[in-house]
Each structure stands twice: as structure tokens, then as C-alpha cells.
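Pasted below: work-v4.cif, mmCIF, C-alpha atoms.
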```
data_entry
loop_
_atom_site.label_atom_id
_atom_site.label_comp_id
_atom_site.auth_asym_id
_atom_site.auth_seq_id
_atom_site.Cartn_x
_atom_site.Cartn_y
_atom_site.Cartn_z
CA MET A 1 14.50 28.54 25.58
CA LYS A 2 13.02 26.16 23.06
CA ALA A 3 12.99 27.12 19.41
CA ALA A 4 9.48 27.52 18.09
CA ILE A 5 8.59 25.57 14.95
CA PRO A 6 7.05 27.91 12.40
CA LYS A 7 3.42 27.11 11.55
CA ARG A 8 4.23 27.12 7.83
CA LEU A 9 6.84 24.40 8.36
CA VAL A 10 4.31 22.28 10.24
CA ALA A 11 1.72 22.86 7.51
CA TYR A 12 4.32 22.01 4.84
CA GLY A 13 5.26 18.77 6.64
CA SER A 14 1.66 17.75 7.09
CA SER A 15 0.88 18.49 3.43
CA LEU A 16 3.82 16.25 2.42
CA PHE A 17 2.36 13.53 4.61
CA VAL A 18 -1.02 13.98 2.90
CA ILE A 19 0.61 13.75 -0.53
CA PHE A 20 2.43 10.56 0.50
CA ALA A 21 -0.78 9.06 1.89
CA PHE A 22 -2.66 9.92 -1.27
CA SER A 23 0.10 8.46 -3.44
CA LEU A 24 -0.31 5.16 -1.59
CA ALA A 25 -4.05 5.35 -2.13
CA ALA A 26 -3.44 6.02 -5.82
CA ALA A 27 -1.71 2.69 -6.05
CA ALA A 28 -5.07 1.14 -5.27
CA ASN A 29 -6.57 2.92 -8.31
CA ALA A 30 -8.22 5.67 -6.29
CA GLN A 31 -9.02 8.94 -8.02
CA ILE A 32 -7.54 11.98 -6.32
CA TYR A 33 -8.36 15.59 -7.04
CA LYS A 34 -6.30 18.65 -6.17
CA SER A 35 -7.76 22.10 -5.68
CA VAL A 36 -6.15 25.41 -4.75
CA ASP A 37 -8.07 27.96 -2.71
CA PRO A 38 -7.90 31.21 -4.77
CA ASN A 39 -7.97 33.41 -1.66
CA THR A 40 -5.40 31.70 0.57
CA GLY A 41 -3.48 29.59 -1.94
CA GLU A 42 -4.01 26.53 0.27
CA VAL A 43 -3.73 23.24 -1.61
CA GLN A 44 -6.35 20.62 -0.78
CA TYR A 45 -6.70 17.02 -1.90
CA HIS A 46 -10.05 15.24 -2.24
CA ASN A 47 -11.29 11.83 -3.28
CA ALA A 48 -14.24 13.32 -5.19
CA PRO A 49 -14.26 16.05 -7.86
CA ARG A 50 -15.05 19.57 -6.68
CA PRO A 51 -15.44 22.78 -8.66
CA GLY A 52 -12.06 23.91 -9.96
CA ALA A 53 -10.30 20.70 -8.92
CA GLU A 54 -8.01 18.80 -11.27
CA ARG A 55 -7.35 15.09 -11.24
CA VAL A 56 -3.93 14.08 -9.92
CA THR A 57 -2.17 11.04 -11.38
CA PHE A 58 0.83 9.29 -9.93
CA GLU A 59 3.21 7.41 -12.16
CA TRP A 60 4.71 5.54 -9.24
CA GLN A 61 5.55 2.38 -11.19
CA ASP A 62 7.57 4.29 -13.78
CA SER A 63 9.60 5.99 -11.07
CA LEU A 64 10.70 2.75 -9.39
CA SER A 65 14.34 1.75 -9.56
CA PRO A 66 15.22 -1.70 -10.97
CA ALA A 67 16.02 -2.89 -7.42
CA GLU A 68 12.58 -1.80 -6.20
CA LYS A 69 10.91 -3.53 -9.16
CA ARG A 70 12.83 -6.76 -8.37
CA GLN A 71 11.75 -6.48 -4.74
CA ILE A 72 8.10 -6.12 -5.76
CA GLU A 73 8.40 -9.11 -8.11
CA ALA A 74 10.01 -11.18 -5.33
CA SER A 75 7.21 -10.32 -2.90
CA GLN A 76 4.63 -11.28 -5.55
CA LYS A 77 6.39 -14.64 -6.01
CA GLN A 78 6.35 -15.16 -2.23
CA ARG A 79 2.62 -14.44 -2.16
CA ASP A 80 2.05 -16.93 -4.99
CA LEU A 81 4.08 -19.59 -3.17
CA ALA A 82 2.15 -18.95 0.05
CA ARG A 83 -1.14 -19.21 -1.85
CA LYS A 84 -0.05 -22.55 -3.38
CA ALA A 85 1.04 -23.86 0.03
CA ARG A 86 -2.29 -22.80 1.55
CA SER A 87 -4.14 -24.54 -1.27
CA ALA A 88 -2.08 -27.73 -0.77
CA LYS A 89 -2.81 -27.69 2.99
CA GLU A 90 -6.52 -27.19 2.30
CA SER A 91 -6.52 -30.08 -0.17
CA GLU A 92 -4.70 -32.35 2.30
CA ALA A 93 -7.17 -31.42 5.07
CA LYS A 94 -10.12 -32.25 2.78
CA LYS A 95 -8.53 -35.64 1.95
CA THR A 96 -8.16 -36.33 5.68
CA LEU A 97 -11.81 -35.50 6.33
CA ALA A 98 -12.96 -37.57 3.32
CA LYS A 99 -10.97 -40.54 4.66
CA ASN A 100 -12.36 -40.29 8.20
CA PHE A 101 -15.96 -39.15 7.65
CA ALA A 102 -18.35 -41.14 5.45
CA SER A 103 -20.45 -38.06 4.62
CA CYS A 104 -17.45 -36.28 3.03
CA THR A 105 -15.75 -36.55 -0.31
CA GLU A 106 -12.70 -34.56 -1.36
CA LYS A 107 -14.89 -32.23 -3.43
CA LEU A 108 -18.03 -32.07 -1.29
CA CYS A 109 -17.87 -31.80 2.46
CA GLU A 110 -19.42 -29.65 5.20
CA PRO A 111 -18.45 -29.18 8.83
CA GLU A 112 -20.17 -31.62 11.15
CA PRO A 113 -19.96 -32.55 14.83
CA GLY A 114 -17.02 -34.75 15.71
CA MET A 115 -14.61 -33.32 13.15
CA PRO A 116 -11.26 -32.15 14.54
CA ILE A 117 -11.39 -28.37 14.55
CA ASP A 118 -7.79 -27.80 13.42
CA VAL A 119 -8.40 -29.83 10.25
CA ALA A 120 -11.82 -28.24 9.72
CA VAL A 121 -10.40 -24.71 10.04
CA THR A 122 -7.91 -25.50 7.27
CA ALA A 123 -10.33 -27.42 5.03
CA PHE A 124 -13.22 -24.95 5.22
CA SER A 125 -11.32 -21.69 5.89
CA LEU A 126 -13.33 -21.15 9.06
CA GLY A 127 -13.03 -17.66 10.48
CA ARG A 128 -12.72 -17.29 14.25
CA ASP A 129 -15.74 -15.52 15.74
CA GLY A 130 -14.96 -15.32 19.45
CA PHE A 131 -15.77 -17.75 22.23
CA SER A 132 -18.29 -18.39 24.95
CA HIS A 133 -18.42 -20.35 28.19
CA THR A 134 -20.91 -23.17 28.71
CA LYS A 135 -21.44 -25.75 31.45
CA GLU A 136 -19.06 -28.07 29.58
CA GLY A 137 -16.33 -25.43 29.35
CA LYS A 138 -14.98 -22.98 26.83
CA ARG A 139 -16.65 -23.07 23.41
CA THR A 140 -14.86 -21.48 20.45
CA ASN A 141 -17.06 -19.95 17.77
CA TYR A 142 -16.25 -19.97 14.07
CA LYS A 143 -18.01 -18.59 11.02
CA TRP A 144 -18.40 -20.44 7.75
CA GLY A 145 -20.37 -18.37 5.28
CA LYS A 146 -23.79 -17.89 6.88
CA CYS A 147 -23.23 -20.81 9.24
CA HIS A 148 -21.84 -20.83 12.77
CA VAL A 149 -19.55 -23.65 13.87
CA TYR A 150 -18.95 -24.30 17.57
CA ALA A 151 -16.02 -26.29 18.93
CA GLU A 152 -15.09 -27.63 22.35
CA ARG A 153 -11.95 -29.56 23.31
CA ASN A 154 -10.53 -29.53 19.73
CA ALA A 155 -13.63 -30.95 18.05
CA ILE A 156 -16.74 -29.50 16.41
CA VAL A 157 -19.77 -29.93 18.67
CA GLU A 158 -22.43 -27.99 16.78
CA VAL A 159 -23.11 -26.43 13.37
CA ARG A 160 -25.96 -23.94 12.87
CA CYS A 161 -26.90 -22.69 9.43
#
```

Write out the structure in this file as C-alpha cells.
Amino acid sequence: MKAAIPKRLVAYGSSLFVIFAFSLAAAANAQIYKSVDPNTGEVQYHNAPRPGAERVTFEWQDSLSPAEKRQIEASQKQRDLARKARSAKESEAKKTLAKNFASCTEKLCEPEPGMPIDVAVTAFSLGRDGFSHTKEGKRTNYKWGKCHVYAERNAIVEVRC
């Protein structure tokens, strides 16, 4: 016979999960309010103030161990290095386009037909927007601001703004 899990234990576990989830949300500067039902004693958490609710604050940064703080600092350094590497790749891609396309300079350039799509994706931070099939074959769609860039066989074939 299986042992039944008491409902209170399940409720307690789920409320701990809710507290953990809200503590993560608090790290993103969210405001959290806690209220207690006077009749049942049930604790509820909300993201908007309600009558009788009190604001909950989490001092999660003060409670971190030195090792956890070092880990956070290391991950921030990794993000900064990745951002610098991305910026260097983007700059190199823009130089390549400026060298090969007369209409481009390193500071001012727009996607145009004939550009290699791999370089254009890096230079312009094109976001992939699906694909379609045409008579010529598969066409990959990208988004660049309000413009749509279409590529076939590793080159841009059309830009619509």
C-alpha cells in the first residue's frame, strides 16, 4: 500500500516553490506583496498591492556567500568579454562589406542584394524570421528593424523596407 502524501505537505512544498519563484522575480526589481487570509490563514503572494497586503523585500545579495559573489562577478566578466568579442566581429564584418561594396562605409551601410548573408547577419544583427520556398529554391527570411531581408544560396537577393 502506498503512503499518502498529506495535503498540507503538498501545499507547503508548493508555497516554498512560489516563494523561490518570487525571490527570483525580486531580483529583477519586481514588487511583491504578501497577504494572509484572516479566515483560513492561507498566505498569498501578488505582484500588485491588495487590501491588507504588505510589501515583501528580499535581501538576496546580502545573503550571498563570498564564493557565490565571486561566481556572479566571473559570469559578469564573461558576459562583458562576449559582448566585446561580438562587437569586434561586427566591426570586422562591416569592414569587409565596406571593402567589397562601393555603397558601404564602415559607419554607414545597409543590406543590399549580392551581400554574403553570413557577413550581413553579423554586421547588421539580422534576426532570422523563418523561410519560404520559391521557384529558385529555399529562401531564408531575416528581419532588420522594419525591413525584411531575403537570402538564397548564401547571398541576399532582396531587401524590402

What's the separation between atom CA of A:Tyr142 and atom CA of A:Cys109, in Å to one decimal place? 16.7 Å

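The protein and nucleic acid residues lying at most 8 Å from A:Ala48 are A:Gln31, A:Ile32, A:Tyr33, with only C-alpha atoms considered and sequence neighbours fewer than 6 positions away removed.
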
Would you kindly translate the PyMOL selection byres ((chain A and resi 148) around 10) into the concrete residues it picks from this file, as a ChimeraX atom specification? /A:111,126-129,141-147,149-150,158-161

For the selection you just gave me, I'd like the residues written to a file as a PDB file, keeping the file's coordinate frame, keeping C-alpha atoms.
```
ATOM      1  CA  PRO A 111     -18.450 -29.180   8.830  1.00  0.00           C
ATOM      2  CA  LEU A 126     -13.330 -21.150   9.060  1.00  0.00           C
ATOM      3  CA  GLY A 127     -13.030 -17.660  10.480  1.00  0.00           C
ATOM      4  CA  ARG A 128     -12.720 -17.290  14.250  1.00  0.00           C
ATOM      5  CA  ASP A 129     -15.740 -15.520  15.740  1.00  0.00           C
ATOM      6  CA  ASN A 141     -17.060 -19.950  17.770  1.00  0.00           C
ATOM      7  CA  TYR A 142     -16.250 -19.970  14.070  1.00  0.00           C
ATOM      8  CA  LYS A 143     -18.010 -18.590  11.020  1.00  0.00           C
ATOM      9  CA  TRP A 144     -18.400 -20.440   7.750  1.00  0.00           C
ATOM     10  CA  GLY A 145     -20.370 -18.370   5.280  1.00  0.00           C
ATOM     11  CA  LYS A 146     -23.790 -17.890   6.880  1.00  0.00           C
ATOM     12  CA  CYS A 147     -23.230 -20.810   9.240  1.00  0.00           C
ATOM     13  CA  VAL A 149     -19.550 -23.650  13.870  1.00  0.00           C
ATOM     14  CA  TYR A 150     -18.950 -24.300  17.570  1.00  0.00           C
ATOM     15  CA  GLU A 158     -22.430 -27.990  16.780  1.00  0.00           C
ATOM     16  CA  VAL A 159     -23.110 -26.430  13.370  1.00  0.00           C
ATOM     17  CA  ARG A 160     -25.960 -23.940  12.870  1.00  0.00           C
ATOM     18  CA  CYS A 161     -26.900 -22.690   9.430  1.00  0.00           C
TER      19      CYS A 161
END
```

What does the distance between atom CA of A:Phe101 and atom CA of A:Gly114 come to in Å, to one decimal place?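 Value for the atom CA of A:Phe101-atom CA of A:Gly114 distance: 9.2 Å.
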
As an exercise, work out the distance from atom CA of A:Ala82 to atom CA of A:Ala120 in Å and give it to one decimal place.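 It comes out at 19.4 Å.
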
Stretch 36-45 of chain A: axis-aligned bounding box, 3 Å on each side, centre and edge lengths in Å, one decimal, as lines of an AutoDock Vina configuration file:
```
center_x = -5.8
center_y = 25.2
center_z = -2.1
size_x = 10.6
size_y = 22.4
size_z = 11.3
```

May I ask which of the residues A:Lys138, A:Lys77, A:Arg50, A:Lys94 is the closest one to A:Met115, counting all atoms listed in the file?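 Among A:Lys138, A:Lys77, A:Arg50, A:Lys94, it is A:Lys94 that comes nearest to A:Met115.
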
Evaluated on this file, the PyMOL selection byres ((chain A and resi 152-155) around 8) picks out some residues - which ones are they, written as a list in words? Pro113, Gly114, Met115, Pro116, Ile117, Asp118, Gly137, Lys138, Arg139, Thr140, Tyr150, Ala151, Ile156 and Val157 of chain A

Could you check the closest approach to A:Ala98 for each of A:Leu81, A:Pro38, A:Ala123, A:Glu73 and tell me which residue wins, using only C-alpha atoms?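 When distances to A:Ala98 are compared using only C-alpha atoms, the smallest one comes from A:Ala123.
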